[in-house]
Amino acid sequence: MDRTEPPEDPQSTPAPGSVRPGGRTARTRAAVLEATLAELVETGYADARIDRIAARAGVAATTVYRRWGSLENIVVDLADDLAVSIELPDSHTLEDNLRTVARAVLTLNEDPAHRAWLQVMVSAAVRSPKAREALSSVLAHRRDLTSVAVRHAVTRGEVPPGTDPHEVIRATVAPLYLRMYVTGEPVTPADADRAAAAAALAARAGLFVTRPPE
């Protein structure tokens with residue numbers, strides 16, 4: 001959901017696909033990501049090929065391999081490109097911030113490109129360990145970013161020490177993803193707010209305490 005830029009370190013080598021350059025390189029990245037989405041939708045993850053992605057994008061396959069290294073890295077970069085930015089201030093209650101997270105899930109679902117990407121990846125993850133690893137990486141990264149809301153709540157005493165931030169985020173978004181990508185039921189802002197309220201209530205009750213307080 002949220003996206004952050006990696007800190008600049010001239011001594012380090014950026015991860016494949018993590019650079020956000022301008023000019024021609026930015027246009028190349030945009031073309032490759034657009035081509036990747038088209039390839040995934042048309043062929044599925046298992047049959048997607050980097051040479052065809054490169055041809056769709058009008059670039060050499062060596063350019064794609066040099067920058068991303070693998071299809072999995074392109075998929076993760078595509079997910080980052082499709083993400084939305086949200087703010088989770090410490091001054092807000094946990095329920096308020098979880099509501100923001102839940103509403104962001106709805107926003108992503110309303111984006112045809114993101115919806116197509118996630119539908120392909122969810123379907124492929126059932127059969128492909130590599131697809132499952134790529135999808136898990138994206139979702140874990142998003143949990144890392146949004147779990148700051150839970151850590152703030154622990155610090156100010158709104159929820160018990162030892163509360164697992166990732167479990168709270170999972171409880172917030174899982175009912176929404178279930179409806180959107182498994183059962184096909186409609187999801188409304190009221191559903192998002194209810195999921196956030198339920199997760200916040202459970203967190204305050206200590207149901208997500210998974211380790212003893214330090």
# chains A, B, ... in the order shown; residues from 1 in each chain; ligands from 1
$ residues_around --residues "Tyr65 of chain A" --least-positions-apart "6" --cutoff "10 Å" --atoms "only C-alpha atoms" --output "MDAnalysis selection string"
chainID A and resid 16 50:51 54 71 73:74
$ write_last_selection --atoms "N, CA, C and O atoms" --output "PDB file, in the first residue's frame"
ATOM      1  N   PRO A  16      17.968  -5.193  -7.604  1.00  0.00           N
ATOM      2  CA  PRO A  16      17.419  -5.117  -8.955  1.00  0.00           C
ATOM      3  C   PRO A  16      16.047  -4.463  -8.956  1.00  0.00           C
ATOM      4  O   PRO A  16      15.158  -4.837  -8.192  1.00  0.00           O
ATOM      5  N   ILE A  50      10.700 -13.360 -20.059  1.00  0.00           N
ATOM      6  CA  ILE A  50      11.363 -12.061 -20.084  1.00  0.00           C
ATOM      7  C   ILE A  50      11.640 -11.607 -21.507  1.00  0.00           C
ATOM      8  O   ILE A  50      11.553 -10.410 -21.815  1.00  0.00           O
ATOM      9  N   ASP A  51      11.959 -12.540 -22.425  1.00  0.00           N
ATOM     10  CA  ASP A  51      12.222 -12.114 -23.802  1.00  0.00           C
ATOM     11  C   ASP A  51      10.981 -11.505 -24.441  1.00  0.00           C
ATOM     12  O   ASP A  51      11.079 -10.519 -25.186  1.00  0.00           O
ATOM     13  N   ALA A  54      10.472  -8.047 -22.908  1.00  0.00           N
ATOM     14  CA  ALA A  54      11.392  -7.094 -23.529  1.00  0.00           C
ATOM     15  C   ALA A  54      10.889  -6.673 -24.908  1.00  0.00           C
ATOM     16  O   ALA A  54      10.938  -5.485 -25.260  1.00  0.00           O
ATOM     17  N   LEU A  71      12.291 -12.618 -13.401  1.00  0.00           N
ATOM     18  CA  LEU A  71      10.883 -12.250 -13.491  1.00  0.00           C
ATOM     19  C   LEU A  71      10.346 -11.882 -12.117  1.00  0.00           C
ATOM     20  O   LEU A  71       9.534 -10.950 -11.978  1.00  0.00           O
ATOM     21  N   ASN A  73      11.806 -10.410  -9.644  1.00  0.00           N
ATOM     22  CA  ASN A  73      12.173  -9.043  -9.290  1.00  0.00           C
ATOM     23  C   ASN A  73      11.344  -8.016 -10.051  1.00  0.00           C
ATOM     24  O   ASN A  73      11.001  -6.953  -9.519  1.00  0.00           O
ATOM     25  N   ILE A  74      11.002  -8.324 -11.299  1.00  0.00           N
ATOM     26  CA  ILE A  74      10.156  -7.403 -12.059  1.00  0.00           C
ATOM     27  C   ILE A  74       8.767  -7.349 -11.437  1.00  0.00           C
ATOM     28  O   ILE A  74       8.167  -6.271 -11.303  1.00  0.00           O
TER      29      ILE A  74
END
$ closest_atom_pairs --of "segment 134-184 of chain A" --to "segment 81-90 of chain A" --cutoff "9 Å" --atoms "only C-alpha atoms" --output "JSON lines"
{"residue": "A:Thr146", "atom": "CA", "partner": "A:Leu88", "partner_atom": "CA", "distance": 7.6}
{"residue": "A:Val148", "atom": "CA", "partner": "A:Leu88", "partner_atom": "CA", "distance": 7.5}
{"residue": "A:Ala149", "atom": "CA", "partner": "A:Leu88", "partner_atom": "CA", "distance": 6.0}
{"residue": "A:His152", "atom": "CA", "partner": "A:Asp90", "partner_atom": "CA", "distance": 5.9}
{"residue": "A:Ala153", "atom": "CA", "partner": "A:Asp90", "partner_atom": "CA", "distance": 7.8}
{"residue": "A:Arg156", "atom": "CA", "partner": "A:Asp90", "partner_atom": "CA", "distance": 8.9}
$ write_last_selection --atoms "all heavy atoms" --output "PDB file, in the first residue's frame"
ATOM      1  N   THR A 146       2.997  -0.814   7.021  1.00  0.00           N
ATOM      2  CA  THR A 146       1.774  -0.405   7.712  1.00  0.00           C
ATOM      3  C   THR A 146       1.771  -0.785   9.188  1.00  0.00           C
ATOM      4  O   THR A 146       1.010  -0.204   9.975  1.00  0.00           O
ATOM      5  CB  THR A 146       0.542  -1.028   7.033  1.00  0.00           C
ATOM      6  OG1 THR A 146       0.716  -2.456   6.927  1.00  0.00           O
ATOM      7  CG2 THR A 146       0.353  -0.459   5.628  1.00  0.00           C
ATOM      8  N   VAL A 148       3.695   0.027  11.352  1.00  0.00           N
ATOM      9  CA  VAL A 148       4.114   1.140  12.198  1.00  0.00           C
ATOM     10  C   VAL A 148       2.945   1.655  13.034  1.00  0.00           C
ATOM     11  O   VAL A 148       3.131   2.115  14.169  1.00  0.00           O
ATOM     12  CB  VAL A 148       4.718   2.280  11.343  1.00  0.00           C
ATOM     13  CG1 VAL A 148       3.674   2.891  10.417  1.00  0.00           C
ATOM     14  CG2 VAL A 148       5.324   3.353  12.220  1.00  0.00           C
ATOM     15  N   ALA A 149       1.724   1.551  12.510  1.00  0.00           N
ATOM     16  CA  ALA A 149       0.540   1.993  13.255  1.00  0.00           C
ATOM     17  C   ALA A 149       0.372   1.186  14.534  1.00  0.00           C
ATOM     18  O   ALA A 149      -0.003   1.727  15.585  1.00  0.00           O
ATOM     19  CB  ALA A 149      -0.705   1.856  12.378  1.00  0.00           C
ATOM     20  N   HIS A 152       3.192   2.110  17.092  1.00  0.00           N
ATOM     21  CA  HIS A 152       2.841   3.354  17.772  1.00  0.00           C
ATOM     22  C   HIS A 152       1.824   3.088  18.884  1.00  0.00           C
ATOM     23  O   HIS A 152       1.930   3.652  19.984  1.00  0.00           O
ATOM     24  CB  HIS A 152       2.248   4.359  16.782  1.00  0.00           C
ATOM     25  CG  HIS A 152       3.260   4.991  15.875  1.00  0.00           C
ATOM     26  ND1 HIS A 152       4.545   5.253  16.251  1.00  0.00           N
ATOM     27  CD2 HIS A 152       3.150   5.440  14.586  1.00  0.00           C
ATOM     28  CE1 HIS A 152       5.195   5.823  15.248  1.00  0.00           C
ATOM     29  NE2 HIS A 152       4.373   5.947  14.227  1.00  0.00           N
ATOM     30  N   ALA A 153       0.837   2.239  18.587  1.00  0.00           N
ATOM     31  CA  ALA A 153      -0.206   1.943  19.571  1.00  0.00           C
ATOM     32  C   ALA A 153       0.371   1.239  20.792  1.00  0.00           C
ATOM     33  O   ALA A 153      -0.059   1.481  21.927  1.00  0.00           O
ATOM     34  CB  ALA A 153      -1.300   1.095  18.923  1.00  0.00           C
ATOM     35  N   ARG A 156       2.303   3.899  22.987  1.00  0.00           N
ATOM     36  CA  ARG A 156       1.470   4.813  23.786  1.00  0.00           C
ATOM     37  C   ARG A 156       0.512   4.079  24.721  1.00  0.00           C
ATOM     38  O   ARG A 156      -0.322   4.693  25.385  1.00  0.00           O
ATOM     39  CB  ARG A 156       0.705   5.776  22.880  1.00  0.00           C
ATOM     40  CG  ARG A 156      -0.279   5.160  21.922  1.00  0.00           C
ATOM     41  CD  ARG A 156      -1.077   6.219  21.163  1.00  0.00           C
ATOM     42  NE  ARG A 156      -1.941   5.609  20.176  1.00  0.00           N
ATOM     43  CZ  ARG A 156      -1.647   5.482  18.882  1.00  0.00           C
ATOM     44  NH1 ARG A 156      -0.495   5.959  18.408  1.00  0.00           N
ATOM     45  NH2 ARG A 156      -2.480   4.893  18.061  1.00  0.00           N
TER      46      ARG A 156
END
$ residues_around --residues "Ser128 of chain A" --least-positions-apart "6" --cutoff "10 Å" --atoms "only C-alpha atoms" --output "VMD selection string"
chain A and resid 45 to 46 121 134
$ write_last_selection --atoms "all heavy atoms" --output "compact mmCIF listing (two decimals), in the first residue's frame"
# COMPACT_ATOMS: atom_id res chain seq x y z
N TYR A 45 1.41 -16.23 -14.90
CA TYR A 45 2.78 -16.13 -14.37
C TYR A 45 3.66 -17.27 -14.88
O TYR A 45 4.82 -17.04 -15.27
CB TYR A 45 2.73 -16.15 -12.84
CG TYR A 45 4.08 -16.01 -12.19
CD1 TYR A 45 4.58 -14.75 -11.88
CD2 TYR A 45 4.86 -17.12 -11.90
CE1 TYR A 45 5.83 -14.61 -11.30
CE2 TYR A 45 6.11 -16.99 -11.31
CZ TYR A 45 6.59 -15.74 -11.02
OH TYR A 45 7.82 -15.61 -10.45
N ALA A 46 3.15 -18.49 -14.88
CA ALA A 46 3.98 -19.65 -15.20
C ALA A 46 4.54 -19.57 -16.62
O ALA A 46 5.65 -20.07 -16.88
CB ALA A 46 3.18 -20.93 -15.02
N MET A 121 -1.32 -13.11 -9.68
CA MET A 121 -0.37 -13.62 -8.70
C MET A 121 -1.02 -14.56 -7.69
O MET A 121 -0.43 -15.57 -7.29
CB MET A 121 0.30 -12.46 -7.98
CG MET A 121 1.18 -11.60 -8.87
SD MET A 121 2.44 -12.55 -9.76
CE MET A 121 3.41 -13.19 -8.40
N ALA A 134 7.31 -14.49 -4.59
CA ALA A 134 7.22 -13.09 -5.02
C ALA A 134 6.04 -12.40 -4.37
O ALA A 134 6.16 -11.26 -3.88
CB ALA A 134 7.12 -13.02 -6.54
$ closest_atom_pairs --of "segment 146-194 of chain A" --to "segment 102-115 of chain A" --cutoff "12 Å" --atoms "only C-alpha atoms" --output "JSON lines"
{"residue": "A:Thr146", "atom": "CA", "partner": "A:Ala102", "partner_atom": "CA", "distance": 10.4}
{"residue": "A:Val168", "atom": "CA", "partner": "A:Ala102", "partner_atom": "CA", "distance": 11.7}
{"residue": "A:Ile169", "atom": "CA", "partner": "A:Ala102", "partner_atom": "CA", "distance": 9.1}
{"residue": "A:Arg170", "atom": "CA", "partner": "A:Ala102", "partner_atom": "CA", "distance": 10.4}
{"residue": "A:Ala171", "atom": "CA", "partner": "A:Ala102", "partner_atom": "CA", "distance": 10.3}
{"residue": "A:Thr172", "atom": "CA", "partner": "A:Ala102", "partner_atom": "CA", "distance": 6.6}
{"residue": "A:Val173", "atom": "CA", "partner": "A:Ala102", "partner_atom": "CA", "distance": 6.0}
{"residue": "A:Ala174", "atom": "CA", "partner": "A:Ala102", "partner_atom": "CA", "distance": 9.6}
{"residue": "A:Pro175", "atom": "CA", "partner": "A:Ala102", "partner_atom": "CA", "distance": 9.8}
{"residue": "A:Leu176", "atom": "CA", "partner": "A:Val105", "partner_atom": "CA", "distance": 7.7}
{"residue": "A:Tyr177", "atom": "CA", "partner": "A:Val105", "partner_atom": "CA", "distance": 8.2}
{"residue": "A:Leu178", "atom": "CA", "partner": "A:Val105", "partner_atom": "CA", "distance": 11.8}
{"residue": "A:Arg179", "atom": "CA", "partner": "A:Leu106", "partner_atom": "CA", "distance": 11.1}
{"residue": "A:Met180", "atom": "CA", "partner": "A:Asn109", "partner_atom": "CA", "distance": 7.8}
{"residue": "A:Tyr181", "atom": "CA", "partner": "A:Arg115", "partner_atom": "CA", "distance": 9.0}
{"residue": "A:Gly184", "atom": "CA", "partner": "A:Asn109", "partner_atom": "CA", "distance": 11.9}
{"residue": "A:Pro186", "atom": "CA", "partner": "A:Leu106", "partner_atom": "CA", "distance": 10.5}
{"residue": "A:Val187", "atom": "CA", "partner": "A:Leu106", "partner_atom": "CA", "distance": 7.6}
{"residue": "A:Thr188", "atom": "CA", "partner": "A:Leu106", "partner_atom": "CA", "distance": 7.8}
{"residue": "A:Pro189", "atom": "CA", "partner": "A:Arg103", "partner_atom": "CA", "distance": 6.6}
{"residue": "A:Ala190", "atom": "CA", "partner": "A:Arg103", "partner_atom": "CA", "distance": 9.4}
{"residue": "A:Asp191", "atom": "CA", "partner": "A:Ala102", "partner_atom": "CA", "distance": 8.9}
{"residue": "A:Ala192", "atom": "CA", "partner": "A:Ala102", "partner_atom": "CA", "distance": 5.1}
{"residue": "A:Asp193", "atom": "CA", "partner": "A:Ala102", "partner_atom": "CA", "distance": 7.0}
{"residue": "A:Arg194", "atom": "CA", "partner": "A:Ala102", "partner_atom": "CA", "distance": 9.3}
$ closest_residue --among "A:Leu37, A:Ala203, A:Leu98, A:Ala196" --to "Ala79 of chain A" --atoms "only C-alpha atoms"
A:Leu37
$ closest_residue --among "A:Ala205, A:Ala125, A:Ala140, A:Val154" --to "Gly44 of chain A" --atoms "only C-alpha atoms"
A:Ala125
